[in-house]
Amino acid sequence: MSYHVFFSMSAGFSPGMAMTVPEGTAEACRAHVADVERELGFEATRYKASAPTWGGMRVKDGVTDEVLCRVADDHNGWVRYLYKQLEEWSSADWSKPPKRGVKTEVLTSETGMTFWAGLHEIIVPPERWTRGYYRRRMEHLYNVMRGLESEGQTFAGEALTPKQAGAVIHAFEPFLGERHQLDLEVPNGLDELRSSYDGGYYWCTGCGPVAWEDWEDEEDEPSETCPGCRAKKKGAEEDA
Ligand SMILES: [Zn+2]
């Protein structure tokens, strides 16, 4: 896996930096970072003249997995969005449309330092993943392995086929998601992860995972094979 190089904050926030951004940007960033610090108990610390950091990102006691995953998802999306915005603003011409007339402020390295600690994605350890968080992480990885850029991440290699990418997700399930019992699979002919937990697919003893919409049971009782396999079997019996 490799990461798309976002707008370089270290280069962007060099001493003496002055960058034009929409008015209220610094305040909005500070407010967001303060919210995260309050909810998770993170504390920005600063060693001598170096930039402040959240250190080991130690989550305070009493924060539930649900809150941790929600705040991390929200914050990580915010970080990626902010980087994108900064990249755009750094090369914008504020004297011409569509930027002309936008109220601006100047972001300096000093103002940047006031929210710098929060410009990192929060890593949630797998033992704290909720079912939904696990599913979103796996969907993200699936997209990356399929050759799509997701969350700034790309696959360092040729894209895998839907079945191959699904097999990798499956191989890691015992380590990352066993307790969530989602049984993520790529149903035959589809290019997406589905879960049997919410009825996204049924298991055919003949051909594997089959999307719910491609499945129809025999009149009264649940079938063990999909309509396709049943039709094939019928055809073979008639030929015999
Ligand atoms: Zn089948």
# chains A, B, ... in the order shown; residues from 1 in each chain; ligands from 1
>>> closest_atom_pairs(of="chain A", to="ligand 1", cutoff="10 Å", atoms="only C-alpha atoms and all ligand atoms", output="JSON lines")
{"residue": "A:Asn188", "atom": "CA", "partner": "ligand 1", "partner_atom_place_in_ligand_line": "1 (Zn)", "distance": 9.0}
{"residue": "A:Tyr202", "atom": "CA", "partner": "ligand 1", "partner_atom_place_in_ligand_line": "1 (Zn)", "distance": 9.6}
{"residue": "A:Trp203", "atom": "CA", "partner": "ligand 1", "partner_atom_place_in_ligand_line": "1 (Zn)", "distance": 8.0}
{"residue": "A:Cys204", "atom": "CA", "partner": "ligand 1", "partner_atom_place_in_ligand_line": "1 (Zn)", "distance": 4.7}
{"residue": "A:Thr205", "atom": "CA", "partner": "ligand 1", "partner_atom_place_in_ligand_line": "1 (Zn)", "distance": 6.5}
{"residue": "A:Gly206", "atom": "CA", "partner": "ligand 1", "partner_atom_place_in_ligand_line": "1 (Zn)", "distance": 4.5}
{"residue": "A:Cys207", "atom": "CA", "partner": "ligand 1", "partner_atom_place_in_ligand_line": "1 (Zn)", "distance": 4.0}
{"residue": "A:Gly208", "atom": "CA", "partner": "ligand 1", "partner_atom_place_in_ligand_line": "1 (Zn)", "distance": 6.2}
{"residue": "A:Pro209", "atom": "CA", "partner": "ligand 1", "partner_atom_place_in_ligand_line": "1 (Zn)", "distance": 7.8}
{"residue": "A:Val210", "atom": "CA", "partner": "ligand 1", "partner_atom_place_in_ligand_line": "1 (Zn)", "distance": 7.0}
{"residue": "A:Asp214", "atom": "CA", "partner": "ligand 1", "partner_atom_place_in_ligand_line": "1 (Zn)", "distance": 9.9}
{"residue": "A:Trp215", "atom": "CA", "partner": "ligand 1", "partner_atom_place_in_ligand_line": "1 (Zn)", "distance": 9.1}
{"residue": "A:Glu224", "atom": "CA", "partner": "ligand 1", "partner_atom_place_in_ligand_line": "1 (Zn)", "distance": 8.5}
{"residue": "A:Thr225", "atom": "CA", "partner": "ligand 1", "partner_atom_place_in_ligand_line": "1 (Zn)", "distance": 5.1}
{"residue": "A:Cys226", "atom": "CA", "partner": "ligand 1", "partner_atom_place_in_ligand_line": "1 (Zn)", "distance": 4.1}
{"residue": "A:Pro227", "atom": "CA", "partner": "ligand 1", "partner_atom_place_in_ligand_line": "1 (Zn)", "distance": 6.7}
{"residue": "A:Gly228", "atom": "CA", "partner": "ligand 1", "partner_atom_place_in_ligand_line": "1 (Zn)", "distance": 5.6}
{"residue": "A:Cys229", "atom": "CA", "partner": "ligand 1", "partner_atom_place_in_ligand_line": "1 (Zn)", "distance": 4.3}
{"residue": "A:Arg230", "atom": "CA", "partner": "ligand 1", "partner_atom_place_in_ligand_line": "1 (Zn)", "distance": 7.3}
{"residue": "A:Ala231", "atom": "CA", "partner": "ligand 1", "partner_atom_place_in_ligand_line": "1 (Zn)", "distance": 9.4}
{"residue": "A:Lys232", "atom": "CA", "partner": "ligand 1", "partner_atom_place_in_ligand_line": "1 (Zn)", "distance": 9.1}
>>> write_last_selection(atoms="N, CA and C atoms", output="PDB file, in the first residue's frame")
ATOM      1  N   ASN A 188     -21.027 -13.830  -6.190  1.00  0.00           N
ATOM      2  CA  ASN A 188     -20.686 -14.134  -7.583  1.00  0.00           C
ATOM      3  C   ASN A 188     -21.208 -13.061  -8.529  1.00  0.00           C
ATOM      4  N   TYR A 202     -26.659 -15.126   0.146  1.00  0.00           N
ATOM      5  CA  TYR A 202     -26.914 -16.447   0.714  1.00  0.00           C
ATOM      6  C   TYR A 202     -25.813 -17.367   0.238  1.00  0.00           C
ATOM      7  N   TRP A 203     -25.568 -18.422   0.990  1.00  0.00           N
ATOM      8  CA  TRP A 203     -24.515 -19.353   0.613  1.00  0.00           C
ATOM      9  C   TRP A 203     -25.093 -20.534  -0.155  1.00  0.00           C
ATOM     10  N   CYS A 204     -24.609 -20.701  -1.366  1.00  0.00           N
ATOM     11  CA  CYS A 204     -25.044 -21.821  -2.197  1.00  0.00           C
ATOM     12  C   CYS A 204     -24.022 -22.941  -2.043  1.00  0.00           C
ATOM     13  N   THR A 205     -24.499 -24.140  -1.714  1.00  0.00           N
ATOM     14  CA  THR A 205     -23.560 -25.253  -1.525  1.00  0.00           C
ATOM     15  C   THR A 205     -22.928 -25.650  -2.861  1.00  0.00           C
ATOM     16  N   GLY A 206     -23.507 -25.165  -3.953  1.00  0.00           N
ATOM     17  CA  GLY A 206     -22.926 -25.484  -5.259  1.00  0.00           C
ATOM     18  C   GLY A 206     -21.888 -24.493  -5.735  1.00  0.00           C
ATOM     19  N   CYS A 207     -22.155 -23.187  -5.561  1.00  0.00           N
ATOM     20  CA  CYS A 207     -21.260 -22.197  -6.178  1.00  0.00           C
ATOM     21  C   CYS A 207     -20.813 -21.076  -5.240  1.00  0.00           C
ATOM     22  N   GLY A 208     -21.174 -21.123  -3.952  1.00  0.00           N
ATOM     23  CA  GLY A 208     -20.672 -20.110  -3.019  1.00  0.00           C
ATOM     24  C   GLY A 208     -21.634 -18.965  -2.779  1.00  0.00           C
ATOM     25  N   PRO A 209     -21.112 -17.755  -2.536  1.00  0.00           N
ATOM     26  CA  PRO A 209     -21.968 -16.631  -2.167  1.00  0.00           C
ATOM     27  C   PRO A 209     -22.796 -16.114  -3.350  1.00  0.00           C
ATOM     28  N   VAL A 210     -24.088 -16.000  -3.149  1.00  0.00           N
ATOM     29  CA  VAL A 210     -24.992 -15.524  -4.200  1.00  0.00           C
ATOM     30  C   VAL A 210     -25.794 -14.349  -3.649  1.00  0.00           C
ATOM     31  N   ASP A 214     -30.451 -12.440  -6.395  1.00  0.00           N
ATOM     32  CA  ASP A 214     -30.335 -13.497  -7.401  1.00  0.00           C
ATOM     33  C   ASP A 214     -30.833 -14.838  -6.857  1.00  0.00           C
ATOM     34  N   TRP A 215     -31.400 -14.787  -5.683  1.00  0.00           N
ATOM     35  CA  TRP A 215     -31.785 -16.027  -5.004  1.00  0.00           C
ATOM     36  C   TRP A 215     -33.307 -16.141  -4.890  1.00  0.00           C
ATOM     37  N   GLU A 224     -30.836 -25.171  -0.625  1.00  0.00           N
ATOM     38  CA  GLU A 224     -29.411 -25.164  -0.304  1.00  0.00           C
ATOM     39  C   GLU A 224     -28.578 -24.685  -1.477  1.00  0.00           C
ATOM     40  N   THR A 225     -29.199 -24.684  -2.642  1.00  0.00           N
ATOM     41  CA  THR A 225     -28.473 -24.223  -3.828  1.00  0.00           C
ATOM     42  C   THR A 225     -29.240 -23.079  -4.491  1.00  0.00           C
ATOM     43  N   CYS A 226     -28.497 -22.289  -5.259  1.00  0.00           N
ATOM     44  CA  CYS A 226     -29.094 -21.119  -5.905  1.00  0.00           C
ATOM     45  C   CYS A 226     -29.906 -21.548  -7.131  1.00  0.00           C
ATOM     46  N   PRO A 227     -30.761 -20.678  -7.632  1.00  0.00           N
ATOM     47  CA  PRO A 227     -31.565 -21.017  -8.811  1.00  0.00           C
ATOM     48  C   PRO A 227     -30.694 -21.475  -9.981  1.00  0.00           C
ATOM     49  N   GLY A 228     -29.520 -20.866 -10.140  1.00  0.00           N
ATOM     50  CA  GLY A 228     -28.631 -21.243 -11.249  1.00  0.00           C
ATOM     51  C   GLY A 228     -28.179 -22.681 -11.133  1.00  0.00           C
ATOM     52  N   CYS A 229     -27.743 -23.083  -9.928  1.00  0.00           N
ATOM     53  CA  CYS A 229     -27.269 -24.453  -9.714  1.00  0.00           C
ATOM     54  C   CYS A 229     -28.412 -25.449  -9.837  1.00  0.00           C
ATOM     55  N   ARG A 230     -29.599 -25.037  -9.362  1.00  0.00           N
ATOM     56  CA  ARG A 230     -30.757 -25.933  -9.452  1.00  0.00           C
ATOM     57  C   ARG A 230     -31.127 -26.186 -10.903  1.00  0.00           C
ATOM     58  N   ALA A 231     -31.076 -25.125 -11.686  1.00  0.00           N
ATOM     59  CA  ALA A 231     -31.413 -25.253 -13.111  1.00  0.00           C
ATOM     60  C   ALA A 231     -30.408 -26.156 -13.808  1.00  0.00           C
ATOM     61  N   LYS A 232     -29.142 -25.996 -13.432  1.00  0.00           N
ATOM     62  CA  LYS A 232     -28.093 -26.826 -14.059  1.00  0.00           C
ATOM     63  C   LYS A 232     -28.318 -28.308 -13.725  1.00  0.00           C
TER      64      LYS A 232
END
>>> residues_around(residues="A:Gly132", least_positions_apart="3", cutoff="10 Å", atoms="only C-alpha atoms", output="PyMOL selection string")
chain A and resi 66+69-70+129+135-138+180+182
>>> write_last_selection(atoms="N, CA and C atoms", output="compact mmCIF listing (two decimals), in the first residue's frame")
# COMPACT_ATOMS: atom_id res chain seq x y z
N GLU A 66 -17.85 2.71 20.66
CA GLU A 66 -18.72 3.41 19.72
C GLU A 66 -18.29 4.87 19.57
N CYS A 69 -14.77 5.08 17.78
CA CYS A 69 -14.85 4.84 16.34
C CYS A 69 -15.54 5.99 15.61
N ARG A 70 -16.58 6.54 16.24
CA ARG A 70 -17.29 7.65 15.61
C ARG A 70 -16.40 8.88 15.51
N TRP A 129 -12.55 -1.90 17.45
CA TRP A 129 -13.43 -1.66 16.31
C TRP A 129 -14.85 -2.11 16.60
N ARG A 135 -16.46 -2.94 9.22
CA ARG A 135 -17.00 -3.04 7.86
C ARG A 135 -16.49 -1.91 6.96
N ARG A 136 -16.48 -0.69 7.50
CA ARG A 136 -16.00 0.45 6.71
C ARG A 136 -14.51 0.32 6.40
N ARG A 137 -13.72 -0.19 7.36
CA ARG A 137 -12.28 -0.39 7.10
C ARG A 137 -12.09 -1.41 5.98
N MET A 138 -12.88 -2.49 6.03
CA MET A 138 -12.74 -3.54 5.02
C MET A 138 -13.20 -3.06 3.65
N HIS A 180 -17.28 -9.95 14.97
CA HIS A 180 -18.39 -9.18 14.40
C HIS A 180 -19.34 -10.03 13.57
N LEU A 182 -19.67 -10.84 10.51
CA LEU A 182 -20.25 -10.26 9.29
C LEU A 182 -20.10 -11.21 8.10
>>> closest_residue(among="A:Gly77, A:Lys84, A:Glu121, A:Val144", to="A:Ala156", atoms="only C-alpha atoms")
A:Val144
>>> residues_around(residues="stretch 32-43 of chain A", least_positions_apart="6", cutoff="10 Å", atoms="only C-alpha atoms", output="PyMOL selection string")
chain A and resi 26+52-64+67-68+71-72+74-75+78+114-119
>>> closest_residue(among="A:Arg179, A:Lys103, A:Arg146, A:Lys96", to="A:Pro126", atoms="only C-alpha atoms")
A:Arg179
>>> select_by_dssp(residues="stretch 9-183 of chain A", states="alpha helix (DSSP H)", output="ChimeraX atom specification")
/A:9-12,25-40,65-90,109-113,131-145,162-176
>>> atom_distance(atom1="atom CA of A:Pro162", atom2="atom CA of A:Ser150")
15.9 Å
>>> residues_around(residues="stretch 199-201 of chain A", least_positions_apart="4", cutoff="7 Å", atoms="only C-alpha atoms", output="number ranges by chain")
A: 187, 194-195, 209-212
>>> atom_distance(atom1="atom CA of A:Arg80", atom2="atom CA of A:Val106")
21.0 Å
>>> closest_residue(among="A:Glu221, A:Leu160, A:Arg131, A:Cys29", to="A:Asp198", atoms="only C-alpha atoms")
A:Arg131
>>> residues_around(residues="A:Thr25", least_positions_apart="5", cutoff="10 Å", atoms="only C-alpha atoms", output="MDAnalysis selection string")
chainID A and resid 20 30:31 82 104:107
>>> atom_distance(atom1="atom CA of A:Ala51", atom2="atom CA of A:Trp94")
28.7 Å
>>> closest_residue(among="A:Pro97, A:Ala28, A:Gln164, A:Asp183", to="A:Met145", atoms="only C-alpha atoms")
A:Gln164
>>> select_by_dssp(residues="stretch 130-232 of chain A", states="strand (DSSP E)", output="ChimeraX atom specification")
/A:153-154,184-185,194-195,201-204,208-211
>>> write_last_selection(atoms="N, CA and C atoms", output="PDB file, in the first residue's frame")
ATOM      1  N   GLN A 153      -5.225   6.485  -0.232  1.00  0.00           N
ATOM      2  CA  GLN A 153      -4.410   5.278  -0.276  1.00  0.00           C
ATOM      3  C   GLN A 153      -4.581   4.570  -1.613  1.00  0.00           C
ATOM      4  N   THR A 154      -3.485   4.077  -2.168  1.00  0.00           N
ATOM      5  CA  THR A 154      -3.559   3.308  -3.408  1.00  0.00           C
ATOM      6  C   THR A 154      -2.829   1.988  -3.219  1.00  0.00           C
ATOM      7  N   LEU A 184     -17.965 -11.300   5.552  1.00  0.00           N
ATOM      8  CA  LEU A 184     -17.936 -10.507   4.321  1.00  0.00           C
ATOM      9  C   LEU A 184     -17.479 -11.355   3.135  1.00  0.00           C
ATOM     10  N   GLU A 185     -18.202 -11.245   2.065  1.00  0.00           N
ATOM     11  CA  GLU A 185     -17.892 -11.985   0.835  1.00  0.00           C
ATOM     12  C   GLU A 185     -18.257 -11.119  -0.358  1.00  0.00           C
ATOM     13  N   ARG A 194     -20.349  -7.895   0.615  1.00  0.00           N
ATOM     14  CA  ARG A 194     -21.675  -8.011   1.227  1.00  0.00           C
ATOM     15  C   ARG A 194     -21.520  -8.870   2.479  1.00  0.00           C
ATOM     16  N   SER A 195     -22.499  -8.741   3.357  1.00  0.00           N
ATOM     17  CA  SER A 195     -22.488  -9.527   4.579  1.00  0.00           C
ATOM     18  C   SER A 195     -23.714 -10.425   4.633  1.00  0.00           C
ATOM     19  N   TYR A 201     -26.205 -11.659   1.129  1.00  0.00           N
ATOM     20  CA  TYR A 201     -26.030 -12.799   0.214  1.00  0.00           C
ATOM     21  C   TYR A 201     -26.441 -14.073   0.938  1.00  0.00           C
ATOM     22  N   TYR A 202     -26.659 -15.126   0.146  1.00  0.00           N
ATOM     23  CA  TYR A 202     -26.914 -16.447   0.714  1.00  0.00           C
ATOM     24  C   TYR A 202     -25.813 -17.367   0.238  1.00  0.00           C
ATOM     25  N   TRP A 203     -25.568 -18.422   0.990  1.00  0.00           N
ATOM     26  CA  TRP A 203     -24.515 -19.353   0.613  1.00  0.00           C
ATOM     27  C   TRP A 203     -25.093 -20.534  -0.155  1.00  0.00           C
ATOM     28  N   CYS A 204     -24.609 -20.701  -1.366  1.00  0.00           N
ATOM     29  CA  CYS A 204     -25.044 -21.821  -2.197  1.00  0.00           C
ATOM     30  C   CYS A 204     -24.022 -22.941  -2.043  1.00  0.00           C
ATOM     31  N   GLY A 208     -21.174 -21.123  -3.952  1.00  0.00           N
ATOM     32  CA  GLY A 208     -20.672 -20.110  -3.019  1.00  0.00           C
ATOM     33  C   GLY A 208     -21.634 -18.965  -2.779  1.00  0.00           C
ATOM     34  N   PRO A 209     -21.112 -17.755  -2.536  1.00  0.00           N
ATOM     35  CA  PRO A 209     -21.968 -16.631  -2.167  1.00  0.00           C
ATOM     36  C   PRO A 209     -22.796 -16.114  -3.350  1.00  0.00           C
ATOM     37  N   VAL A 210     -24.088 -16.000  -3.149  1.00  0.00           N
ATOM     38  CA  VAL A 210     -24.992 -15.524  -4.200  1.00  0.00           C
ATOM     39  C   VAL A 210     -25.794 -14.349  -3.649  1.00  0.00           C
ATOM     40  N   ALA A 211     -25.823 -13.251  -4.367  1.00  0.00           N
ATOM     41  CA  ALA A 211     -26.532 -12.044  -3.926  1.00  0.00           C
ATOM     42  C   ALA A 211     -27.993 -12.362  -3.630  1.00  0.00           C
TER      43      ALA A 211
END
